[in-house]
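model_24.tsv follows; it contains TSV, N, CA and C atoms.
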chain	number	residue	atom	x	y	z
A	1	MET	N	-3.18	14.92	15.56
A	1	MET	CA	-2.62	15.95	14.71
A	1	MET	C	-1.17	15.64	14.36
A	2	VAL	N	-0.39	15.23	15.36
A	2	VAL	CA	1.01	14.90	15.12
A	2	VAL	C	1.12	13.73	14.15
A	3	LYS	N	0.21	12.75	14.31
A	3	LYS	CA	0.23	11.59	13.42
A	3	LYS	C	-0.02	12.00	11.98
A	4	ARG	N	-0.95	12.93	11.76
A	4	ARG	CA	-1.24	13.41	10.40
A	4	ARG	C	-0.03	14.13	9.81
A	5	ILE	N	0.65	14.89	10.62
A	5	ILE	CA	1.84	15.59	10.15
A	5	ILE	C	2.91	14.58	9.77
A	6	GLN	N	3.08	13.54	10.59
A	6	GLN	CA	4.07	12.51	10.29
A	6	GLN	C	3.74	11.80	8.99
A	7	VAL	N	2.46	11.47	8.80
A	7	VAL	CA	2.04	10.81	7.56
A	7	VAL	C	2.28	11.74	6.38
A	8	GLY	N	1.96	13.02	6.54
A	8	GLY	CA	2.17	14.00	5.48
A	8	GLY	C	3.63	14.13	5.10
A	9	VAL	N	4.50	14.21	6.11
A	9	VAL	CA	5.93	14.30	5.85
A	9	VAL	C	6.42	13.04	5.15
A	10	MET	N	5.93	11.87	5.62
A	10	MET	CA	6.33	10.61	5.01
A	10	MET	C	5.90	10.57	3.55
A	11	MET	N	4.69	11.05	3.25
A	11	MET	CA	4.22	11.04	1.88
A	11	MET	C	5.08	11.95	1.01
A	12	LEU	N	5.42	13.14	1.50
A	12	LEU	CA	6.25	14.05	0.73
A	12	LEU	C	7.63	13.46	0.46
A	13	LEU	N	8.22	12.86	1.48
A	13	LEU	CA	9.52	12.22	1.30
A	13	LEU	C	9.44	11.07	0.31
A	14	THR	N	8.37	10.33	0.39
A	14	THR	CA	8.17	9.20	-0.52
A	14	THR	C	8.05	9.69	-1.95
A	15	TRP	N	7.23	10.70	-2.17
A	15	TRP	CA	7.06	11.21	-3.53
A	15	TRP	C	8.36	11.76	-4.08
A	16	ALA	N	9.15	12.41	-3.23
A	16	ALA	CA	10.44	12.94	-3.68
A	16	ALA	C	11.38	11.80	-4.05
A	17	ALA	N	11.36	10.74	-3.27
A	17	ALA	CA	12.27	9.62	-3.50
A	17	ALA	C	11.95	8.87	-4.79
A	18	ILE	N	10.69	8.85	-5.20
A	18	ILE	CA	10.33	8.07	-6.37
A	18	ILE	C	10.20	8.91	-7.63
A	19	ALA	N	10.49	10.17	-7.53
A	19	ALA	CA	10.30	11.06	-8.67
A	19	ALA	C	11.05	10.57	-9.91
A	20	ALA	N	12.26	10.04	-9.73
A	20	ALA	CA	13.05	9.64	-10.88
A	20	ALA	C	13.35	8.15	-10.92
A	21	ALA	N	12.78	7.39	-10.01
A	21	ALA	CA	13.15	5.97	-9.93
A	21	ALA	C	11.92	5.10	-9.73
A	22	GLU	N	12.12	3.84	-10.04
A	22	GLU	CA	11.09	2.85	-9.81
A	22	GLU	C	10.88	2.70	-8.30
A	23	THR	N	9.66	2.50	-7.89
A	23	THR	CA	9.34	2.35	-6.48
A	23	THR	C	9.99	1.10	-5.92
A	24	ASP	N	10.62	1.25	-4.77
A	24	ASP	CA	11.15	0.05	-4.11
A	24	ASP	C	10.20	-0.34	-2.99
A	25	CYS	N	10.34	-1.55	-2.52
A	25	CYS	CA	9.38	-2.09	-1.57
A	25	CYS	C	9.45	-1.42	-0.20
A	26	SER	N	10.56	-0.80	0.15
A	26	SER	CA	10.62	-0.11	1.43
A	26	SER	C	9.64	1.06	1.46
A	27	THR	N	9.39	1.68	0.31
A	27	THR	CA	8.41	2.76	0.22
A	27	THR	C	7.01	2.22	0.50
A	28	VAL	N	6.68	1.11	-0.14
A	28	VAL	CA	5.37	0.49	0.05
A	28	VAL	C	5.21	0.04	1.50
A	29	GLU	N	6.23	-0.62	2.04
A	29	GLU	CA	6.18	-1.08	3.42
A	29	GLU	C	6.04	0.09	4.39
A	30	GLY	N	6.75	1.17	4.13
A	30	GLY	CA	6.67	2.35	4.99
A	30	GLY	C	5.27	2.93	5.02
A	31	LEU	N	4.65	3.03	3.86
A	31	LEU	CA	3.28	3.56	3.83
A	31	LEU	C	2.30	2.58	4.46
A	32	LEU	N	2.50	1.29	4.23
A	32	LEU	CA	1.61	0.30	4.83
A	32	LEU	C	1.73	0.23	6.34
A	33	SER	N	2.82	0.73	6.89
A	33	SER	CA	2.96	0.73	8.35
A	33	SER	C	1.86	1.55	9.01
A	34	ALA	N	1.28	2.50	8.28
A	34	ALA	CA	0.15	3.27	8.81
A	34	ALA	C	-1.09	2.39	8.98
A	35	CYS	N	-1.07	1.21	8.37
A	35	CYS	CA	-2.20	0.28	8.42
A	35	CYS	C	-1.93	-0.90	9.33
A	36	SER	N	-0.92	-0.81	10.17
A	36	SER	CA	-0.49	-1.98	10.95
A	36	SER	C	-1.59	-2.53	11.86
A	37	ASN	N	-2.41	-1.67	12.48
A	37	ASN	CA	-3.50	-2.19	13.33
A	37	ASN	C	-4.49	-3.00	12.51
A	38	PHE	N	-4.88	-2.49	11.36
A	38	PHE	CA	-5.82	-3.20	10.52
A	38	PHE	C	-5.22	-4.51	10.02
A	39	ILE	N	-3.96	-4.48	9.59
A	39	ILE	CA	-3.31	-5.68	9.08
A	39	ILE	C	-3.15	-6.73	10.19
A	40	THR	N	-2.80	-6.29	11.38
A	40	THR	CA	-2.58	-7.20	12.50
A	40	THR	C	-3.87	-7.83	13.00
A	41	TYR	N	-4.92	-7.02	13.12
A	41	TYR	CA	-6.16	-7.51	13.72
A	41	TYR	C	-7.21	-7.91	12.70
A	42	GLY	N	-6.94	-7.67	11.43
A	42	GLY	CA	-7.78	-8.17	10.36
A	42	GLY	C	-9.05	-7.41	10.11
A	43	SER	N	-9.83	-7.96	9.22
A	43	SER	CA	-11.06	-7.30	8.82
A	43	SER	C	-12.25	-8.09	9.30
A	44	PRO	N	-13.41	-7.53	9.46
A	44	PRO	CA	-13.71	-6.13	9.16
A	44	PRO	C	-13.45	-5.19	10.33
A	45	ASP	N	-13.14	-5.69	11.53
A	45	ASP	CA	-12.88	-4.79	12.65
A	45	ASP	C	-11.46	-4.97	13.12
A	46	PRO	N	-10.72	-3.94	13.39
A	46	PRO	CA	-11.12	-2.55	13.18
A	46	PRO	C	-11.02	-2.18	11.70
A	47	LEU	N	-11.84	-1.28	11.27
A	47	LEU	CA	-11.75	-0.78	9.90
A	47	LEU	C	-10.50	0.08	9.78
A	48	PRO	N	-9.94	0.20	8.59
A	48	PRO	CA	-8.77	1.06	8.43
A	48	PRO	C	-9.12	2.49	8.83
A	49	ASP	N	-8.19	3.13	9.53
A	49	ASP	CA	-8.43	4.49	9.96
A	49	ASP	C	-7.96	5.47	8.90
A	50	SER	N	-8.15	6.75	9.18
A	50	SER	CA	-7.82	7.79	8.21
A	50	SER	C	-6.36	7.78	7.78
A	51	PRO	N	-5.37	7.68	8.71
A	51	PRO	CA	-3.99	7.64	8.24
A	51	PRO	C	-3.70	6.45	7.32
A	52	CYS	N	-4.33	5.32	7.59
A	52	CYS	CA	-4.15	4.14	6.75
A	52	CYS	C	-4.69	4.42	5.35
A	53	CYS	N	-5.89	4.95	5.25
A	53	CYS	CA	-6.47	5.22	3.94
A	53	CYS	C	-5.72	6.33	3.21
A	54	GLU	N	-5.17	7.29	3.95
A	54	GLU	CA	-4.33	8.31	3.32
A	54	GLU	C	-3.08	7.67	2.73
A	55	ALA	N	-2.52	6.70	3.44
A	55	ALA	CA	-1.34	5.98	2.94
A	55	ALA	C	-1.71	5.18	1.69
A	56	MET	N	-2.88	4.55	1.69
A	56	MET	CA	-3.32	3.79	0.52
A	56	MET	C	-3.53	4.73	-0.67
A	57	THR	N	-4.06	5.91	-0.42
A	57	THR	CA	-4.23	6.89	-1.48
A	57	THR	C	-2.87	7.32	-2.03
A	58	SER	N	-1.90	7.47	-1.15
A	58	SER	CA	-0.54	7.81	-1.59
A	58	SER	C	0.04	6.69	-2.45
A	59	LEU	N	-0.19	5.45	-2.05
A	59	LEU	CA	0.29	4.32	-2.85
A	59	LEU	C	-0.36	4.30	-4.22
A	60	ASN	N	-1.62	4.66	-4.27
A	60	ASN	CA	-2.33	4.72	-5.55
A	60	ASN	C	-1.72	5.82	-6.43
A	61	THR	N	-1.40	6.96	-5.82
A	61	THR	CA	-0.78	8.06	-6.55
A	61	THR	C	0.60	7.63	-7.07
A	62	ILE	N	1.36	6.96	-6.24
A	62	ILE	CA	2.67	6.47	-6.65
A	62	ILE	C	2.53	5.48	-7.79
A	63	ALA	N	1.58	4.56	-7.67
A	63	ALA	CA	1.36	3.56	-8.71
A	63	ALA	C	0.95	4.21	-10.03
A	64	ASP	N	0.22	5.32	-9.95
A	64	ASP	CA	-0.23	6.02	-11.15
A	64	ASP	C	0.87	6.81	-11.84
A	65	SER	N	1.97	7.07	-11.14
A	65	SER	CA	3.02	7.91	-11.73
A	65	SER	C	4.05	7.05	-12.44
A	66	GLY	N	4.32	7.42	-13.67
A	66	GLY	CA	5.34	6.71	-14.46
A	66	GLY	C	5.02	5.24	-14.64
A	67	ASP	N	6.04	4.43	-14.50
A	67	ASP	CA	5.90	2.98	-14.65
A	67	ASP	C	5.94	2.30	-13.30
A	68	ASN	N	5.39	2.92	-12.29
A	68	ASN	CA	5.48	2.39	-10.93
A	68	ASN	C	4.47	1.30	-10.60
A	69	ARG	N	3.36	1.20	-11.34
A	69	ARG	CA	2.33	0.23	-10.98
A	69	ARG	C	2.87	-1.21	-10.88
A	70	PRO	N	3.67	-1.70	-11.86
A	70	PRO	CA	4.21	-3.06	-11.72
A	70	PRO	C	5.10	-3.21	-10.48
A	71	SER	N	5.85	-2.18	-10.15
A	71	SER	CA	6.71	-2.24	-8.96
A	71	SER	C	5.89	-2.33	-7.69
A	72	VAL	N	4.86	-1.47	-7.58
A	72	VAL	CA	3.98	-1.50	-6.41
A	72	VAL	C	3.28	-2.85	-6.33
A	73	CYS	N	2.85	-3.36	-7.46
A	73	CYS	CA	2.20	-4.67	-7.52
A	73	CYS	C	3.13	-5.76	-6.99
A	74	ARG	N	4.38	-5.77	-7.46
A	74	ARG	CA	5.34	-6.77	-7.00
A	74	ARG	C	5.58	-6.67	-5.49
A	75	CYS	N	5.63	-5.45	-4.98
A	75	CYS	CA	5.82	-5.27	-3.53
A	75	CYS	C	4.65	-5.85	-2.75
A	76	PHE	N	3.43	-5.57	-3.20
A	76	PHE	CA	2.25	-6.10	-2.52
A	76	PHE	C	2.22	-7.61	-2.57
A	77	THR	N	2.49	-8.20	-3.73
A	77	THR	CA	2.45	-9.65	-3.82
A	77	THR	C	3.51	-10.28	-2.94
A	78	GLY	N	4.66	-9.64	-2.84
A	78	GLY	CA	5.71	-10.13	-1.94
A	78	GLY	C	5.30	-10.02	-0.48
A	79	LEU	N	4.66	-8.90	-0.13
A	79	LEU	CA	4.24	-8.71	1.26
A	79	LEU	C	3.19	-9.73	1.69
A	80	ILE	N	2.25	-10.02	0.82
A	80	ILE	CA	1.23	-10.98	1.25
A	80	ILE	C	1.78	-12.40	1.30
A	81	THR	N	2.85	-12.65	0.57
A	81	THR	CA	3.51	-13.95	0.69
A	81	THR	C	4.24	-14.05	2.03
A	82	VAL	N	4.93	-12.98	2.41
A	82	VAL	CA	5.68	-12.95	3.67
A	82	VAL	C	4.73	-12.93	4.87
A	83	TYR	N	3.69	-12.12	4.79
A	83	TYR	CA	2.75	-11.98	5.90
A	83	TYR	C	1.48	-12.79	5.64
A	84	ASN	N	1.66	-14.04	5.28
A	84	ASN	CA	0.56	-14.92	4.87
A	84	ASN	C	-0.63	-14.92	5.82
A	85	PRO	N	-0.45	-14.99	7.14
A	85	PRO	CA	-1.64	-14.99	8.01
A	85	PRO	C	-2.46	-13.72	7.89
A	86	ASN	N	-1.85	-12.63	7.43
A	86	ASN	CA	-2.54	-11.36	7.32
A	86	ASN	C	-2.83	-10.99	5.86
A	87	ALA	N	-2.69	-11.94	4.96
A	87	ALA	CA	-2.83	-11.66	3.53
A	87	ALA	C	-4.20	-11.11	3.18
A	88	THR	N	-5.24	-11.63	3.77
A	88	THR	CA	-6.59	-11.16	3.47
A	88	THR	C	-6.75	-9.70	3.86
A	89	ALA	N	-6.25	-9.33	5.03
A	89	ALA	CA	-6.35	-7.94	5.49
A	89	ALA	C	-5.61	-7.01	4.53
A	90	ILE	N	-4.41	-7.41	4.11
A	90	ILE	CA	-3.64	-6.58	3.17
A	90	ILE	C	-4.38	-6.46	1.84
A	91	ALA	N	-4.92	-7.58	1.36
A	91	ALA	CA	-5.60	-7.58	0.07
A	91	ALA	C	-6.88	-6.74	0.07
A	92	THR	N	-7.52	-6.58	1.23
A	92	THR	CA	-8.78	-5.83	1.29
A	92	THR	C	-8.59	-4.34	1.55
A	93	LEU	N	-7.39	-3.93	1.88
A	93	LEU	CA	-7.15	-2.52	2.22
A	93	LEU	C	-7.63	-1.53	1.16
A	94	PRO	N	-7.25	-1.69	-0.12
A	94	PRO	CA	-7.70	-0.70	-1.10
A	94	PRO	C	-9.22	-0.57	-1.15
A	95	GLY	N	-9.93	-1.68	-1.15
A	95	GLY	CA	-11.39	-1.64	-1.21
A	95	GLY	C	-12.01	-0.94	-0.02
A	96	PHE	N	-11.50	-1.23	1.18
A	96	PHE	CA	-12.03	-0.56	2.38
A	96	PHE	C	-11.77	0.94	2.33
A	97	CYS	N	-10.69	1.33	1.66
A	97	CYS	CA	-10.35	2.76	1.57
A	97	CYS	C	-10.96	3.42	0.32
A	98	GLY	N	-11.69	2.65	-0.46
A	98	GLY	CA	-12.40	3.21	-1.61
A	98	GLY	C	-11.52	3.51	-2.82
A	99	ILE	N	-10.41	2.77	-2.97
A	99	ILE	CA	-9.55	2.99	-4.13
A	99	ILE	C	-9.29	1.66	-4.84
A	100	SER	N	-8.83	1.77	-6.06
A	100	SER	CA	-8.40	0.60	-6.83
A	100	SER	C	-6.97	0.84	-7.26
A	101	LEU	N	-6.09	-0.09	-6.92
A	101	LEU	CA	-4.69	0.05	-7.31
A	101	LEU	C	-4.44	-0.39	-8.74
A	102	GLY	N	-5.44	-0.98	-9.38
A	102	GLY	CA	-5.28	-1.41	-10.77
A	102	GLY	C	-4.75	-2.82	-10.92
A	103	PHE	N	-4.69	-3.57	-9.82
A	103	PHE	CA	-4.27	-4.96	-9.86
A	103	PHE	C	-4.87	-5.67	-8.65
A	104	VAL	N	-4.97	-6.98	-8.76
A	104	VAL	CA	-5.48	-7.80	-7.68
A	104	VAL	C	-4.31	-8.12	-6.75
A	105	ILE	N	-4.50	-7.90	-5.45
A	105	ILE	CA	-3.45	-8.20	-4.49
A	105	ILE	C	-3.56	-9.68	-4.13
A	106	ASP	N	-2.72	-10.46	-4.80
A	106	ASP	CA	-2.72	-11.91	-4.68
A	106	ASP	C	-1.32	-12.39	-5.03
A	107	PRO	N	-0.82	-13.42	-4.34
A	107	PRO	CA	0.55	-13.86	-4.65
A	107	PRO	C	0.71	-14.39	-6.07
A	108	ASN	N	-0.38	-14.71	-6.75
A	108	ASN	CA	-0.31	-15.25	-8.11
A	108	ASN	C	-0.53	-14.20	-9.19
A	109	THR	N	-0.66	-12.95	-8.81
A	109	THR	CA	-0.87	-11.88	-9.79
A	109	THR	C	0.37	-11.70	-10.64
A	110	ASP	N	0.18	-11.60	-11.94
A	110	ASP	CA	1.28	-11.31	-12.86
A	110	ASP	C	1.39	-9.80	-12.97
A	111	CYS	N	2.35	-9.23	-12.29
A	111	CYS	CA	2.49	-7.77	-12.22
A	111	CYS	C	3.06	-7.16	-13.49
A	112	THR	N	3.49	-7.98	-14.43
A	112	THR	CA	4.02	-7.49	-15.69
A	112	THR	C	2.99	-6.66	-16.43
A	113	TYR	N	1.73	-7.06	-16.33
A	113	TYR	CA	0.68	-6.41	-17.09
A	113	TYR	C	-0.14	-5.43	-16.26
A	114	SER	N	0.33	-5.09	-15.09
A	114	SER	CA	-0.38	-4.13	-14.23
A	114	SER	C	-0.18	-2.73	-14.80
A	115	ARG	N	-1.24	-2.14	-15.26
A	115	ARG	CA	-1.19	-0.77	-15.82
A	115	ARG	C	-2.40	0.00	-15.40
Output the file's structure in the form of structure tokens.
Amino acid sequence: MVKRIQVGVMMLLTWAAIAAAETDCSTVEGLLSACSNFITYGSPDPLPDSPCCEAMTSLNTIADSGDNRPSVCRCFTGLITVYNPNATAIATLPGFCGISLGFVIDPNTDCTYSR
């Protein structure tokens, strides 16, 4: 229960922070921290848990607002470059959570056209 409240508060703070600005990567990284077990231990086990998928849904909402999709895309491509051993786990998160971010999570994705 406490974890859900923390995720909820984090989502509200995140939405407030991006209301008037382009998403920065610390927002994406903060939300992805809810998925750390899945990212660390890979797929398919353990599957992403509810807080992780809630965070992915929040990222999708952020990406859908304004011109944030290219920013979120750039953050993801940067993260999978930095966390190369875990790139597959990061790239599969949206699908496991049943959402589409509107771009392929790959270091070679051209985020300019992510809409």
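With CA of Thr61 (chain A) on one side and atom N of Gly98 (chain A) on the other, the separation reads 13.6 Å.
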A straight line from atom C of Ile105 (chain A) to atom N of Ala91 (chain A) spans 6.0 Å
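We find CA of Asn108 (chain A) and atom C of Cys75 (chain A) to be spaced 11.9 Å apart.
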Practice item. Give as a VMD selection string each residue that has an atom at most 8 Å from (-10.2, 6.0, -1.4) in the file, counting only N, CA and C atoms. Key: chain A and resid 53 to 54 56 to 57 94 to 100
### Message
I'd like to know which residues of region 23-95 of chain A are alpha helix (DSSP H) (by DSSP, run on the backbone); could you write them as JSON, numbers by chain?
### Response
{"A": [25, 26, 27, 28, 29, 30, 31, 32, 36, 37, 38, 39, 40, 41, 50, 51, 52, 53, 54, 55, 56, 57, 58, 59, 60, 61, 62, 63, 64, 69, 70, 71, 72, 73, 74, 75, 76, 77, 78, 79, 80, 81, 82, 87, 88, 89, 90, 91, 92, 93, 94, 95]}
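Of the residues listed (A:Leu101, A:Ala34, A:Ala87, A:Ile39), A:Leu101 shows the shortest atom-to-atom separation from Ser71 (chain A); distances use only C-alpha atoms.
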Exercise for the section: Find the residues around Pro85 (chain A) up to 8 Å (all atoms listed in the file counted), leave out those fewer than 5 positions away in its own chain, and share them as a PyMOL selection string. Expected result: chain A and resi 39-40+80+90
Using only C-alpha atoms, the best pick from A:Thr77, A:Asn37, A:Ser50, A:Asn86 as closest to Asp110 (chain A) would be A:Thr77
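Using only C-alpha atoms, the shortest contact distance between Ser36 (chain A) and any of A:Ile62, A:Ala89, A:Cys73, A:Val82 is found at A:Ala89.
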